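Quick look at my_file_17.cif (mmCIF, N, CA and C atoms):
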data_my_file
loop_
_atom_site.label_atom_id
_atom_site.label_comp_id
_atom_site.auth_asym_id
_atom_site.auth_seq_id
_atom_site.Cartn_x
_atom_site.Cartn_y
_atom_site.Cartn_z
N THR D 27 -33.19 -50.90 7.53
CA THR D 27 -34.21 -50.72 8.55
C THR D 27 -35.34 -51.69 8.28
N VAL D 28 -35.56 -52.60 9.21
CA VAL D 28 -36.59 -53.62 9.06
C VAL D 28 -37.74 -53.30 10.01
N LEU D 29 -38.95 -53.25 9.45
CA LEU D 29 -40.12 -52.84 10.23
C LEU D 29 -41.16 -53.92 10.46
N ASN D 30 -41.07 -55.04 9.71
CA ASN D 30 -42.11 -56.07 9.87
C ASN D 30 -41.55 -57.45 9.53
N VAL D 31 -42.35 -58.46 9.83
CA VAL D 31 -41.95 -59.85 9.65
C VAL D 31 -41.69 -60.17 8.18
N THR D 32 -42.47 -59.61 7.28
CA THR D 32 -42.27 -59.84 5.85
C THR D 32 -40.89 -59.36 5.42
N GLN D 33 -40.45 -58.23 5.96
CA GLN D 33 -39.12 -57.72 5.63
C GLN D 33 -38.03 -58.60 6.22
N VAL D 34 -38.25 -59.15 7.41
CA VAL D 34 -37.28 -60.10 7.99
C VAL D 34 -37.11 -61.28 7.05
N GLU D 35 -38.22 -61.82 6.58
CA GLU D 35 -38.17 -62.97 5.67
C GLU D 35 -37.44 -62.61 4.38
N ALA D 36 -37.67 -61.41 3.86
CA ALA D 36 -37.01 -60.98 2.63
C ALA D 36 -35.49 -60.87 2.83
N VAL D 37 -35.07 -60.36 3.97
CA VAL D 37 -33.64 -60.26 4.26
C VAL D 37 -33.03 -61.66 4.33
N ALA D 38 -33.72 -62.58 5.01
CA ALA D 38 -33.22 -63.95 5.13
C ALA D 38 -33.12 -64.62 3.76
N GLU D 39 -34.10 -64.38 2.90
CA GLU D 39 -34.12 -65.01 1.57
C GLU D 39 -32.92 -64.62 0.71
N VAL D 40 -32.39 -63.42 0.90
CA VAL D 40 -31.24 -62.99 0.10
C VAL D 40 -29.91 -63.20 0.82
N GLY D 41 -29.96 -63.90 1.96
CA GLY D 41 -28.73 -64.25 2.66
C GLY D 41 -28.28 -63.28 3.73
N GLY D 42 -29.12 -62.29 4.06
CA GLY D 42 -28.78 -61.36 5.12
C GLY D 42 -28.69 -62.07 6.46
N LYS D 43 -27.92 -61.53 7.35
CA LYS D 43 -27.71 -62.15 8.66
C LYS D 43 -28.06 -61.24 9.84
N LEU D 44 -28.35 -59.97 9.56
CA LEU D 44 -28.49 -58.96 10.60
C LEU D 44 -29.77 -58.16 10.37
N ILE D 45 -30.59 -58.06 11.41
CA ILE D 45 -31.82 -57.27 11.33
C ILE D 45 -31.71 -56.12 12.33
N VAL D 46 -31.82 -54.90 11.79
CA VAL D 46 -31.77 -53.69 12.61
C VAL D 46 -33.10 -52.98 12.42
N SER D 47 -33.73 -52.62 13.53
CA SER D 47 -35.03 -51.95 13.50
C SER D 47 -34.98 -50.68 14.33
N PRO D 48 -35.82 -49.71 14.00
CA PRO D 48 -35.85 -48.49 14.80
C PRO D 48 -36.71 -48.63 16.05
N ASN D 49 -37.41 -49.76 16.17
CA ASN D 49 -38.37 -49.95 17.23
C ASN D 49 -38.26 -51.36 17.82
N CYS D 50 -39.03 -51.58 18.88
CA CYS D 50 -39.06 -52.88 19.54
C CYS D 50 -40.34 -53.60 19.16
N ASP D 51 -40.28 -54.34 18.06
CA ASP D 51 -41.42 -55.15 17.62
C ASP D 51 -41.06 -56.60 17.93
N THR D 52 -41.71 -57.16 18.95
CA THR D 52 -41.34 -58.50 19.40
C THR D 52 -41.62 -59.56 18.34
N ASP D 53 -42.59 -59.34 17.45
CA ASP D 53 -42.82 -60.29 16.35
C ASP D 53 -41.63 -60.30 15.40
N VAL D 54 -41.08 -59.13 15.12
CA VAL D 54 -39.90 -59.02 14.25
C VAL D 54 -38.71 -59.71 14.91
N ILE D 55 -38.53 -59.48 16.20
CA ILE D 55 -37.40 -60.10 16.92
C ILE D 55 -37.54 -61.62 16.91
N ARG D 56 -38.71 -62.13 17.22
CA ARG D 56 -38.92 -63.58 17.27
C ARG D 56 -38.71 -64.22 15.90
N LYS D 57 -39.23 -63.60 14.85
CA LYS D 57 -39.05 -64.15 13.49
C LYS D 57 -37.57 -64.12 13.11
N THR D 58 -36.89 -63.06 13.49
CA THR D 58 -35.46 -62.94 13.22
C THR D 58 -34.71 -64.11 13.84
N LYS D 59 -34.99 -64.40 15.09
CA LYS D 59 -34.30 -65.49 15.78
C LYS D 59 -34.72 -66.85 15.22
N GLU D 60 -36.00 -66.99 14.87
CA GLU D 60 -36.50 -68.23 14.28
C GLU D 60 -35.75 -68.56 12.98
N LEU D 61 -35.38 -67.52 12.24
CA LEU D 61 -34.67 -67.71 10.97
C LEU D 61 -33.15 -67.74 11.13
N GLY D 62 -32.68 -67.68 12.38
CA GLY D 62 -31.25 -67.79 12.65
C GLY D 62 -30.45 -66.52 12.39
N LEU D 63 -31.12 -65.37 12.39
CA LEU D 63 -30.46 -64.10 12.16
C LEU D 63 -30.22 -63.38 13.49
N GLN D 64 -29.41 -62.34 13.45
CA GLN D 64 -29.17 -61.53 14.64
C GLN D 64 -30.14 -60.36 14.66
N SER D 65 -30.61 -60.00 15.86
CA SER D 65 -31.62 -58.96 16.02
C SER D 65 -31.11 -57.80 16.88
N PHE D 66 -31.23 -56.59 16.33
CA PHE D 66 -30.83 -55.37 17.03
C PHE D 66 -31.95 -54.34 16.93
N PRO D 67 -32.93 -54.45 17.84
CA PRO D 67 -34.07 -53.53 17.80
C PRO D 67 -33.76 -52.20 18.49
N GLY D 68 -34.49 -51.18 18.07
CA GLY D 68 -34.40 -49.89 18.73
C GLY D 68 -35.23 -49.85 19.99
N VAL D 69 -34.65 -49.31 21.05
CA VAL D 69 -35.36 -49.17 22.33
C VAL D 69 -35.07 -47.79 22.91
N LEU D 70 -35.99 -47.32 23.74
CA LEU D 70 -35.80 -46.03 24.39
C LEU D 70 -36.16 -46.09 25.86
N THR D 71 -36.88 -47.13 26.26
CA THR D 71 -37.32 -47.24 27.66
C THR D 71 -36.91 -48.59 28.23
N PRO D 72 -36.88 -48.71 29.57
CA PRO D 72 -36.62 -50.02 30.16
C PRO D 72 -37.65 -51.06 29.74
N THR D 73 -38.89 -50.68 29.61
CA THR D 73 -39.93 -51.63 29.20
C THR D 73 -39.62 -52.18 27.82
N GLU D 74 -39.26 -51.31 26.88
CA GLU D 74 -38.90 -51.78 25.54
C GLU D 74 -37.64 -52.64 25.59
N ALA D 75 -36.67 -52.24 26.37
CA ALA D 75 -35.42 -53.00 26.45
C ALA D 75 -35.67 -54.42 26.95
N PHE D 76 -36.44 -54.55 28.01
CA PHE D 76 -36.68 -55.89 28.55
C PHE D 76 -37.61 -56.71 27.67
N SER D 77 -38.54 -56.07 26.96
CA SER D 77 -39.37 -56.79 25.99
C SER D 77 -38.49 -57.35 24.87
N ALA D 78 -37.55 -56.53 24.40
CA ALA D 78 -36.63 -56.96 23.35
C ALA D 78 -35.77 -58.13 23.82
N ILE D 79 -35.25 -58.02 25.02
CA ILE D 79 -34.40 -59.09 25.57
C ILE D 79 -35.20 -60.38 25.69
N GLN D 80 -36.42 -60.30 26.23
CA GLN D 80 -37.25 -61.49 26.40
C GLN D 80 -37.62 -62.13 25.07
N ALA D 81 -37.72 -61.31 24.01
CA ALA D 81 -38.05 -61.84 22.69
C ALA D 81 -36.83 -62.43 21.98
N GLY D 82 -35.62 -62.19 22.52
CA GLY D 82 -34.41 -62.81 21.97
C GLY D 82 -33.41 -61.88 21.31
N ALA D 83 -33.55 -60.57 21.52
CA ALA D 83 -32.63 -59.62 20.89
C ALA D 83 -31.17 -59.95 21.23
N ASP D 84 -30.31 -59.75 20.25
CA ASP D 84 -28.87 -59.98 20.43
C ASP D 84 -28.16 -58.74 20.97
N GLY D 85 -28.76 -57.59 20.80
CA GLY D 85 -28.22 -56.33 21.28
C GLY D 85 -29.32 -55.29 21.23
N LEU D 86 -29.09 -54.19 21.93
CA LEU D 86 -30.08 -53.12 21.98
C LEU D 86 -29.53 -51.86 21.35
N LYS D 87 -30.33 -51.29 20.49
CA LYS D 87 -29.97 -50.05 19.80
C LYS D 87 -30.75 -48.92 20.49
N PHE D 88 -30.07 -48.11 21.30
CA PHE D 88 -30.74 -46.96 21.91
C PHE D 88 -30.99 -45.94 20.81
N PHE D 89 -32.27 -45.70 20.51
CA PHE D 89 -32.63 -44.83 19.39
C PHE D 89 -33.89 -44.04 19.70
N PRO D 90 -33.85 -42.74 19.45
CA PRO D 90 -32.66 -41.94 19.19
C PRO D 90 -31.92 -41.67 20.49
N ALA D 91 -30.65 -42.01 20.49
CA ALA D 91 -29.83 -41.96 21.71
C ALA D 91 -29.73 -40.57 22.31
N PHE D 92 -29.79 -39.53 21.49
CA PHE D 92 -29.65 -38.18 22.03
C PHE D 92 -30.77 -37.85 23.00
N ILE D 93 -31.93 -38.49 22.88
CA ILE D 93 -33.03 -38.24 23.81
C ILE D 93 -32.68 -38.76 25.20
N LEU D 94 -32.10 -39.94 25.27
CA LEU D 94 -31.66 -40.50 26.55
C LEU D 94 -30.44 -39.76 27.08
N GLY D 95 -29.54 -39.43 26.19
CA GLY D 95 -28.27 -38.85 26.60
C GLY D 95 -27.45 -39.86 27.36
N THR D 96 -26.25 -39.49 27.70
CA THR D 96 -25.37 -40.43 28.40
C THR D 96 -25.88 -40.74 29.80
N ALA D 97 -26.51 -39.77 30.46
CA ALA D 97 -27.06 -40.03 31.80
C ALA D 97 -28.18 -41.05 31.75
N GLY D 98 -29.04 -40.93 30.74
CA GLY D 98 -30.13 -41.90 30.59
C GLY D 98 -29.62 -43.28 30.26
N VAL D 99 -28.61 -43.35 29.39
CA VAL D 99 -28.03 -44.64 29.06
C VAL D 99 -27.38 -45.27 30.28
N ALA D 100 -26.67 -44.48 31.07
CA ALA D 100 -26.04 -45.01 32.28
C ALA D 100 -27.09 -45.58 33.23
N ALA D 101 -28.20 -44.90 33.37
CA ALA D 101 -29.27 -45.39 34.24
C ALA D 101 -29.85 -46.70 33.70
N MET D 102 -30.04 -46.78 32.40
CA MET D 102 -30.57 -48.02 31.81
C MET D 102 -29.56 -49.16 31.92
N LYS D 103 -28.29 -48.87 31.65
CA LYS D 103 -27.27 -49.91 31.73
C LYS D 103 -27.18 -50.51 33.14
N ALA D 104 -27.50 -49.72 34.15
CA ALA D 104 -27.43 -50.21 35.53
C ALA D 104 -28.42 -51.33 35.79
N ILE D 105 -29.49 -51.40 35.02
CA ILE D 105 -30.51 -52.43 35.25
C ILE D 105 -30.53 -53.53 34.19
N LEU D 106 -29.81 -53.32 33.10
CA LEU D 106 -29.79 -54.32 32.03
C LEU D 106 -28.79 -55.43 32.34
N PRO D 107 -29.00 -56.61 31.74
CA PRO D 107 -28.00 -57.66 31.89
C PRO D 107 -26.63 -57.16 31.43
N LYS D 108 -25.61 -57.45 32.21
CA LYS D 108 -24.26 -56.94 31.93
C LYS D 108 -23.71 -57.41 30.59
N ASP D 109 -24.18 -58.57 30.11
CA ASP D 109 -23.65 -59.11 28.86
C ASP D 109 -24.47 -58.71 27.63
N MET D 110 -25.45 -57.82 27.81
CA MET D 110 -26.28 -57.38 26.67
C MET D 110 -25.57 -56.23 25.95
N PRO D 111 -25.13 -56.43 24.71
CA PRO D 111 -24.48 -55.35 23.96
C PRO D 111 -25.44 -54.19 23.71
N THR D 112 -24.92 -52.98 23.80
CA THR D 112 -25.73 -51.79 23.58
C THR D 112 -25.04 -50.86 22.58
N PHE D 113 -25.87 -50.17 21.81
CA PHE D 113 -25.38 -49.31 20.74
C PHE D 113 -26.12 -47.98 20.78
N ALA D 114 -25.39 -46.91 20.58
CA ALA D 114 -25.99 -45.58 20.51
C ALA D 114 -26.18 -45.21 19.04
N VAL D 115 -27.41 -44.86 18.69
CA VAL D 115 -27.73 -44.48 17.33
C VAL D 115 -28.57 -43.21 17.38
N GLY D 116 -28.09 -42.19 16.70
CA GLY D 116 -28.80 -40.91 16.71
C GLY D 116 -28.24 -40.01 17.79
N GLY D 117 -27.21 -39.29 17.46
CA GLY D 117 -26.62 -38.37 18.42
C GLY D 117 -25.19 -38.68 18.82
N ALA D 118 -24.64 -39.75 18.31
CA ALA D 118 -23.24 -40.09 18.60
C ALA D 118 -22.39 -39.69 17.41
N GLY D 119 -21.19 -39.15 17.71
CA GLY D 119 -20.32 -38.75 16.62
C GLY D 119 -18.97 -38.30 17.10
N VAL D 120 -18.25 -37.61 16.24
CA VAL D 120 -16.86 -37.25 16.49
C VAL D 120 -16.67 -36.47 17.79
N ASP D 121 -17.65 -35.70 18.18
CA ASP D 121 -17.51 -34.86 19.37
C ASP D 121 -17.81 -35.57 20.68
N ASN D 122 -18.41 -36.77 20.62
CA ASN D 122 -18.85 -37.36 21.89
C ASN D 122 -18.71 -38.88 22.00
N PHE D 123 -17.99 -39.53 21.11
CA PHE D 123 -17.81 -40.98 21.24
C PHE D 123 -17.31 -41.35 22.63
N GLY D 124 -16.35 -40.63 23.14
CA GLY D 124 -15.77 -40.94 24.45
C GLY D 124 -16.79 -40.90 25.58
N GLU D 125 -17.70 -39.95 25.52
CA GLU D 125 -18.74 -39.85 26.56
C GLU D 125 -19.65 -41.07 26.54
N TRP D 126 -20.02 -41.53 25.35
CA TRP D 126 -20.87 -42.72 25.24
C TRP D 126 -20.12 -43.97 25.69
N ILE D 127 -18.86 -44.09 25.30
CA ILE D 127 -18.05 -45.24 25.70
C ILE D 127 -17.91 -45.27 27.22
N ALA D 128 -17.76 -44.11 27.83
CA ALA D 128 -17.59 -44.03 29.29
C ALA D 128 -18.80 -44.56 30.05
N VAL D 129 -19.98 -44.52 29.44
CA VAL D 129 -21.17 -45.05 30.13
C VAL D 129 -21.50 -46.48 29.70
N GLY D 130 -20.60 -47.09 28.92
CA GLY D 130 -20.74 -48.51 28.61
C GLY D 130 -21.30 -48.86 27.26
N ILE D 131 -21.44 -47.90 26.37
CA ILE D 131 -21.92 -48.22 25.02
C ILE D 131 -20.86 -49.07 24.30
N ASP D 132 -21.33 -50.12 23.63
CA ASP D 132 -20.43 -51.04 22.95
C ASP D 132 -20.14 -50.65 21.50
N GLY D 133 -21.02 -49.87 20.90
CA GLY D 133 -20.82 -49.50 19.51
C GLY D 133 -21.80 -48.43 19.10
N PHE D 134 -21.73 -48.06 17.83
CA PHE D 134 -22.51 -46.94 17.33
C PHE D 134 -23.10 -47.26 15.98
N GLY D 135 -24.23 -46.64 15.71
CA GLY D 135 -24.81 -46.64 14.38
C GLY D 135 -24.72 -45.22 13.87
N ILE D 136 -24.13 -45.06 12.71
CA ILE D 136 -23.95 -43.73 12.14
C ILE D 136 -24.74 -43.66 10.84
N GLY D 137 -25.64 -42.72 10.75
CA GLY D 137 -26.45 -42.58 9.54
C GLY D 137 -26.30 -41.20 8.94
N SER D 138 -27.13 -40.28 9.41
CA SER D 138 -27.14 -38.94 8.82
C SER D 138 -25.86 -38.16 9.08
N ALA D 139 -25.06 -38.61 10.04
CA ALA D 139 -23.78 -37.94 10.28
C ALA D 139 -22.78 -38.23 9.16
N ILE D 140 -22.99 -39.32 8.44
CA ILE D 140 -22.04 -39.68 7.38
C ILE D 140 -22.63 -39.51 5.98
N PHE D 141 -23.95 -39.51 5.86
CA PHE D 141 -24.54 -39.40 4.54
C PHE D 141 -25.82 -38.59 4.57
N LYS D 142 -25.88 -37.66 3.66
CA LYS D 142 -27.10 -36.93 3.36
C LYS D 142 -27.21 -36.86 1.84
N PRO D 143 -28.43 -36.89 1.30
CA PRO D 143 -28.56 -36.79 -0.17
C PRO D 143 -27.77 -35.59 -0.70
N GLY D 144 -27.04 -35.85 -1.75
CA GLY D 144 -26.24 -34.80 -2.36
C GLY D 144 -24.78 -34.83 -1.97
N PHE D 145 -24.42 -35.57 -0.91
CA PHE D 145 -23.01 -35.67 -0.53
C PHE D 145 -22.24 -36.38 -1.63
N SER D 146 -21.09 -35.86 -1.95
CA SER D 146 -20.21 -36.53 -2.91
C SER D 146 -19.50 -37.69 -2.21
N THR D 147 -18.96 -38.59 -3.02
CA THR D 147 -18.21 -39.71 -2.42
C THR D 147 -16.99 -39.19 -1.67
N SER D 148 -16.37 -38.13 -2.15
CA SER D 148 -15.21 -37.59 -1.43
C SER D 148 -15.63 -36.99 -0.09
N LYS D 149 -16.79 -36.37 -0.03
CA LYS D 149 -17.30 -35.82 1.24
C LYS D 149 -17.59 -36.96 2.22
N ILE D 150 -18.21 -38.02 1.74
CA ILE D 150 -18.51 -39.18 2.59
C ILE D 150 -17.21 -39.80 3.10
N LYS D 151 -16.22 -39.93 2.23
CA LYS D 151 -14.92 -40.48 2.63
C LYS D 151 -14.28 -39.61 3.70
N GLU D 152 -14.31 -38.31 3.52
CA GLU D 152 -13.73 -37.37 4.49
C GLU D 152 -14.42 -37.52 5.86
N ILE D 153 -15.73 -37.61 5.85
CA ILE D 153 -16.48 -37.76 7.10
C ILE D 153 -16.15 -39.11 7.74
N ALA D 154 -16.12 -40.17 6.93
CA ALA D 154 -15.82 -41.51 7.45
C ALA D 154 -14.46 -41.56 8.11
N ILE D 155 -13.48 -40.95 7.47
CA ILE D 155 -12.13 -40.93 8.04
C ILE D 155 -12.12 -40.20 9.38
N SER D 156 -12.84 -39.09 9.47
CA SER D 156 -12.87 -38.35 10.74
C SER D 156 -13.62 -39.12 11.82
N LEU D 157 -14.68 -39.84 11.43
CA LEU D 157 -15.42 -40.67 12.40
C LEU D 157 -14.54 -41.79 12.95
N VAL D 158 -13.84 -42.49 12.07
CA VAL D 158 -12.97 -43.58 12.50
C VAL D 158 -11.85 -43.05 13.39
N ALA D 159 -11.26 -41.94 13.03
CA ALA D 159 -10.18 -41.36 13.84
C ALA D 159 -10.70 -40.96 15.21
N ALA D 160 -11.89 -40.36 15.27
CA ALA D 160 -12.47 -39.95 16.56
C ALA D 160 -12.80 -41.16 17.42
N TYR D 161 -13.34 -42.21 16.79
CA TYR D 161 -13.64 -43.44 17.52
C TYR D 161 -12.36 -44.07 18.06
N ASP D 162 -11.36 -44.21 17.21
CA ASP D 162 -10.09 -44.79 17.64
C ASP D 162 -9.49 -44.00 18.79
N SER D 163 -9.55 -42.70 18.72
CA SER D 163 -9.03 -41.85 19.79
C SER D 163 -9.80 -42.06 21.09
N ALA D 164 -11.12 -42.14 20.98
CA ALA D 164 -11.96 -42.35 22.17
C ALA D 164 -11.70 -43.70 22.82
N LYS D 165 -11.38 -44.71 21.99
CA LYS D 165 -11.09 -46.05 22.50
C LYS D 165 -9.63 -46.18 22.96
N GLY D 166 -8.82 -45.15 22.72
CA GLY D 166 -7.43 -45.20 23.12
C GLY D 166 -6.53 -45.94 22.17
N HIS D 167 -6.92 -46.05 20.92
CA HIS D 167 -6.12 -46.76 19.90
C HIS D 167 -5.19 -45.81 19.22
#
Is it possible to give me this structure as structure tokens?
Amino acid sequence: TVLNVTQVEAVAEVGGKLIVSPNCDTDVIRKTKELGLQSFPGVLTPTEAFSAIQAGADGLKFFPAFILGTAGVAAMKAILPKDMPTFAVGGAGVDNFGEWIAVGIDGFGIGSAIFKPGFSTSKIKEIAISLVAAYDSAKGH
């Protein structure tokens, strides 16, 4: 999670290529693009989405996606550029991947659904396997 320009620079210095933020900070997006990295800012409103796009975002992370829900995402997708990748983060999982895919979501960010402090590696593996299986099923694989 990158929150400021200094963190973007730190990621670039160690060879990182991808900047993911929970918010739409146009300075972070512009610095990310200036350094040749990919930018995936968090957005929740059309204003944030278009600000991110104008600043050079490579994709939009709807966060927290459960607030928008699939109906909200569908409404936003109707006005966004068709080639802008979108990702649901916060509220997507084994029970609803198909619903998000049906409204045009290109991918997902999974955090607390796969890891919480205290989880064993075997628990994380079990969850990961179920997430991948649910995603594959939703995609028809």
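For the pair atom CA of Val99 of chain D and atom CA of Val129 of chain D, the separation is 7.0 Å.
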Inset, instruction - Would you list the contacts of segment 71-74 of chain D as a PyMOL selection string, taking every protein, DNA or RNA residue within 8 Å and counting all atoms listed in the file, but skipping same-chain residues closer than 4 positions in sequence? - result: chain D and resi 49-50+78-80+88-89+102
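The space separating atom N of Ala81 of chain D from atom CA of Ala114 of chain D comes to 19.9 Å.
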Inset, instruction - Dump as an MDAnalysis selection string all residues having an atom at most 7 Å from (-14.2, -38.9, 18.9), computed in the file's coordinates with only N, CA and C atoms. - result: chainID D and resid 119:124 157 159:164
Expected file: the selected residues, N, CA and C atoms, as a compact mmCIF listing (two decimals), in the coordinates of the input:
# COMPACT_ATOMS: atom_id res chain seq x y z
N GLY D 119 -21.19 -39.15 17.71
CA GLY D 119 -20.32 -38.75 16.62
C GLY D 119 -18.97 -38.30 17.10
N VAL D 120 -18.25 -37.61 16.24
CA VAL D 120 -16.86 -37.25 16.49
C VAL D 120 -16.67 -36.47 17.79
N ASP D 121 -17.65 -35.70 18.18
CA ASP D 121 -17.51 -34.86 19.37
C ASP D 121 -17.81 -35.57 20.68
N ASN D 122 -18.41 -36.77 20.62
CA ASN D 122 -18.85 -37.36 21.89
C ASN D 122 -18.71 -38.88 22.00
N PHE D 123 -17.99 -39.53 21.11
CA PHE D 123 -17.81 -40.98 21.24
C PHE D 123 -17.31 -41.35 22.63
N GLY D 124 -16.35 -40.63 23.14
CA GLY D 124 -15.77 -40.94 24.45
C GLY D 124 -16.79 -40.90 25.58
N LEU D 157 -14.68 -39.84 11.43
CA LEU D 157 -15.42 -40.67 12.40
C LEU D 157 -14.54 -41.79 12.95
N ALA D 159 -11.26 -41.94 13.03
CA ALA D 159 -10.18 -41.36 13.84
C ALA D 159 -10.70 -40.96 15.21
N ALA D 160 -11.89 -40.36 15.27
CA ALA D 160 -12.47 -39.95 16.56
C ALA D 160 -12.80 -41.16 17.42
N TYR D 161 -13.34 -42.21 16.79
CA TYR D 161 -13.64 -43.44 17.52
C TYR D 161 -12.36 -44.07 18.06
N ASP D 162 -11.36 -44.21 17.21
CA ASP D 162 -10.09 -44.79 17.64
C ASP D 162 -9.49 -44.00 18.79
N SER D 163 -9.55 -42.70 18.72
CA SER D 163 -9.03 -41.85 19.79
C SER D 163 -9.80 -42.06 21.09
N ALA D 164 -11.12 -42.14 20.98
CA ALA D 164 -11.96 -42.35 22.17
C ALA D 164 -11.70 -43.70 22.82
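In this model, the gap between atom CA of Met110 of chain D and atom N of Lys43 of chain D comes to 19.8 Å.
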Write out as a PDB file with N, CA and C atoms, in the frame of the given file the set of residues from segment 107-141 of chain D that DSSP, computed on the backbone, places in strand (DSSP E).
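New file part28.pdb:
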ATOM      1  N   THR D 112     -24.920 -52.980  23.800  1.00  0.00           N
ATOM      2  CA  THR D 112     -25.730 -51.790  23.580  1.00  0.00           C
ATOM      3  C   THR D 112     -25.040 -50.860  22.580  1.00  0.00           C
ATOM      4  N   PHE D 113     -25.870 -50.170  21.810  1.00  0.00           N
ATOM      5  CA  PHE D 113     -25.380 -49.310  20.740  1.00  0.00           C
ATOM      6  C   PHE D 113     -26.120 -47.980  20.780  1.00  0.00           C
ATOM      7  N   ALA D 114     -25.390 -46.910  20.580  1.00  0.00           N
ATOM      8  CA  ALA D 114     -25.990 -45.580  20.510  1.00  0.00           C
ATOM      9  C   ALA D 114     -26.180 -45.210  19.040  1.00  0.00           C
ATOM     10  N   VAL D 115     -27.410 -44.860  18.690  1.00  0.00           N
ATOM     11  CA  VAL D 115     -27.730 -44.480  17.330  1.00  0.00           C
ATOM     12  C   VAL D 115     -28.570 -43.210  17.380  1.00  0.00           C
ATOM     13  N   GLY D 133     -21.020 -49.870  20.900  1.00  0.00           N
ATOM     14  CA  GLY D 133     -20.820 -49.500  19.510  1.00  0.00           C
ATOM     15  C   GLY D 133     -21.800 -48.430  19.100  1.00  0.00           C
ATOM     16  N   PHE D 134     -21.730 -48.060  17.830  1.00  0.00           N
ATOM     17  CA  PHE D 134     -22.510 -46.940  17.330  1.00  0.00           C
ATOM     18  C   PHE D 134     -23.100 -47.260  15.980  1.00  0.00           C
ATOM     19  N   GLY D 135     -24.230 -46.640  15.710  1.00  0.00           N
ATOM     20  CA  GLY D 135     -24.810 -46.640  14.380  1.00  0.00           C
ATOM     21  C   GLY D 135     -24.720 -45.220  13.870  1.00  0.00           C
TER      22      GLY D 135
END
Residues picked by the PyMOL selection byres ((chain D and resi 116) around 6.5) here, as a short mmCIF file (atom, residue, chain, number, x, y, z; two decimals) with N, CA and C atoms, in the coordinates of the input?
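Written output follows (selection_27.cif):
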data_model
loop_
_atom_site.label_atom_id
_atom_site.label_comp_id
_atom_site.auth_asym_id
_atom_site.auth_seq_id
_atom_site.Cartn_x
_atom_site.Cartn_y
_atom_site.Cartn_z
N PHE D 88 -30.07 -48.11 21.30
CA PHE D 88 -30.74 -46.96 21.91
C PHE D 88 -30.99 -45.94 20.81
N PHE D 89 -32.27 -45.70 20.51
CA PHE D 89 -32.63 -44.83 19.39
C PHE D 89 -33.89 -44.04 19.70
N PRO D 90 -33.85 -42.74 19.45
CA PRO D 90 -32.66 -41.94 19.19
C PRO D 90 -31.92 -41.67 20.49
N ALA D 91 -30.65 -42.01 20.49
CA ALA D 91 -29.83 -41.96 21.71
C ALA D 91 -29.73 -40.57 22.31
N PHE D 92 -29.79 -39.53 21.49
CA PHE D 92 -29.65 -38.18 22.03
C PHE D 92 -30.77 -37.85 23.00
N ILE D 93 -31.93 -38.49 22.88
CA ILE D 93 -33.03 -38.24 23.81
C ILE D 93 -32.68 -38.76 25.20
N ALA D 114 -25.39 -46.91 20.58
CA ALA D 114 -25.99 -45.58 20.51
C ALA D 114 -26.18 -45.21 19.04
N VAL D 115 -27.41 -44.86 18.69
CA VAL D 115 -27.73 -44.48 17.33
C VAL D 115 -28.57 -43.21 17.38
N GLY D 117 -27.21 -39.29 17.46
CA GLY D 117 -26.62 -38.37 18.42
C GLY D 117 -25.19 -38.68 18.82
N ALA D 118 -24.64 -39.75 18.31
CA ALA D 118 -23.24 -40.09 18.60
C ALA D 118 -22.39 -39.69 17.41
N GLY D 135 -24.23 -46.64 15.71
CA GLY D 135 -24.81 -46.64 14.38
C GLY D 135 -24.72 -45.22 13.87
N ILE D 136 -24.13 -45.06 12.71
CA ILE D 136 -23.95 -43.73 12.14
C ILE D 136 -24.74 -43.66 10.84
N GLY D 137 -25.64 -42.72 10.75
CA GLY D 137 -26.45 -42.58 9.54
C GLY D 137 -26.30 -41.20 8.94
#
Please provide the set of residues having any atom within 8 Å of Ile150 of chain D, restricted to all atoms listed in the file, with same-chain residues fewer than 6 positions apart removed, written as an mmCIF file with N, CA and C atoms, keeping the file's coordinate frame.
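Output file part-v4.cif is given in full below:
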data_model
loop_
_atom_site.group_PDB
_atom_site.id
_atom_site.type_symbol
_atom_site.label_atom_id
_atom_site.label_comp_id
_atom_site.auth_asym_id
_atom_site.auth_seq_id
_atom_site.Cartn_x
_atom_site.Cartn_y
_atom_site.Cartn_z
ATOM 1 N N ALA D 139 -25.060 -38.610 10.040
ATOM 2 C CA ALA D 139 -23.780 -37.940 10.280
ATOM 3 C C ALA D 139 -22.780 -38.230 9.160
ATOM 4 N N ILE D 140 -22.990 -39.320 8.440
ATOM 5 C CA ILE D 140 -22.040 -39.680 7.380
ATOM 6 C C ILE D 140 -22.630 -39.510 5.980
ATOM 7 N N PHE D 141 -23.950 -39.510 5.860
ATOM 8 C CA PHE D 141 -24.540 -39.400 4.540
ATOM 9 C C PHE D 141 -25.820 -38.590 4.570
ATOM 10 N N LYS D 142 -25.880 -37.660 3.660
ATOM 11 C CA LYS D 142 -27.100 -36.930 3.360
ATOM 12 C C LYS D 142 -27.210 -36.860 1.840
ATOM 13 N N SER D 156 -12.840 -39.090 9.470
ATOM 14 C CA SER D 156 -12.870 -38.350 10.740
ATOM 15 C C SER D 156 -13.620 -39.120 11.820
#
Legend entry - For segment 31-41 of chain D: contacts at 6 Å, all atoms listed in the file, fewer than 3 positions along chain excluded, given as a PyMOL selection string: chain D and resi 28+53-54
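Restricting the calculation to only N, CA and C atoms, the smallest distance between Gly130 of chain D and any of D:Pro111, D:Pro143, D:Ser148, D:Leu94 is found for D:Pro111.
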How big is the axis-aligned box, and where does its centre sit, when it encloses all atoms of segment 109-118 of chain D listed in the file and has 3 Å added on every side, reported in Å to one decimal as AutoDock Vina command-line options?
--center_x -25.6 --center_y -48.7 --center_z 23.4 --size_x 12.4 --size_y 26.7 --size_z 19.4
Inset, instruction - Determine which residues of chain D DSSP labels as helix (DSSP H, G or I) from the backbone of this structure, then write them out as a ChimeraX atom specification. - result: /D:31-39,52-60,72-81,91-103,123-128,147-165
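Counting all atoms listed in the file and comparing D:Ser47, D:Ser146, D:Asn30, D:Thr112, the residue that lies closest to Pro67 of chain D is D:Ser47.
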Inset, instruction - Could you tell me which of D:Ala100, D:Phe113, D:Leu29, D:Asp51 comes closest to Ala128 of chain D if we count all atoms listed in the file? - result: D:Ala100
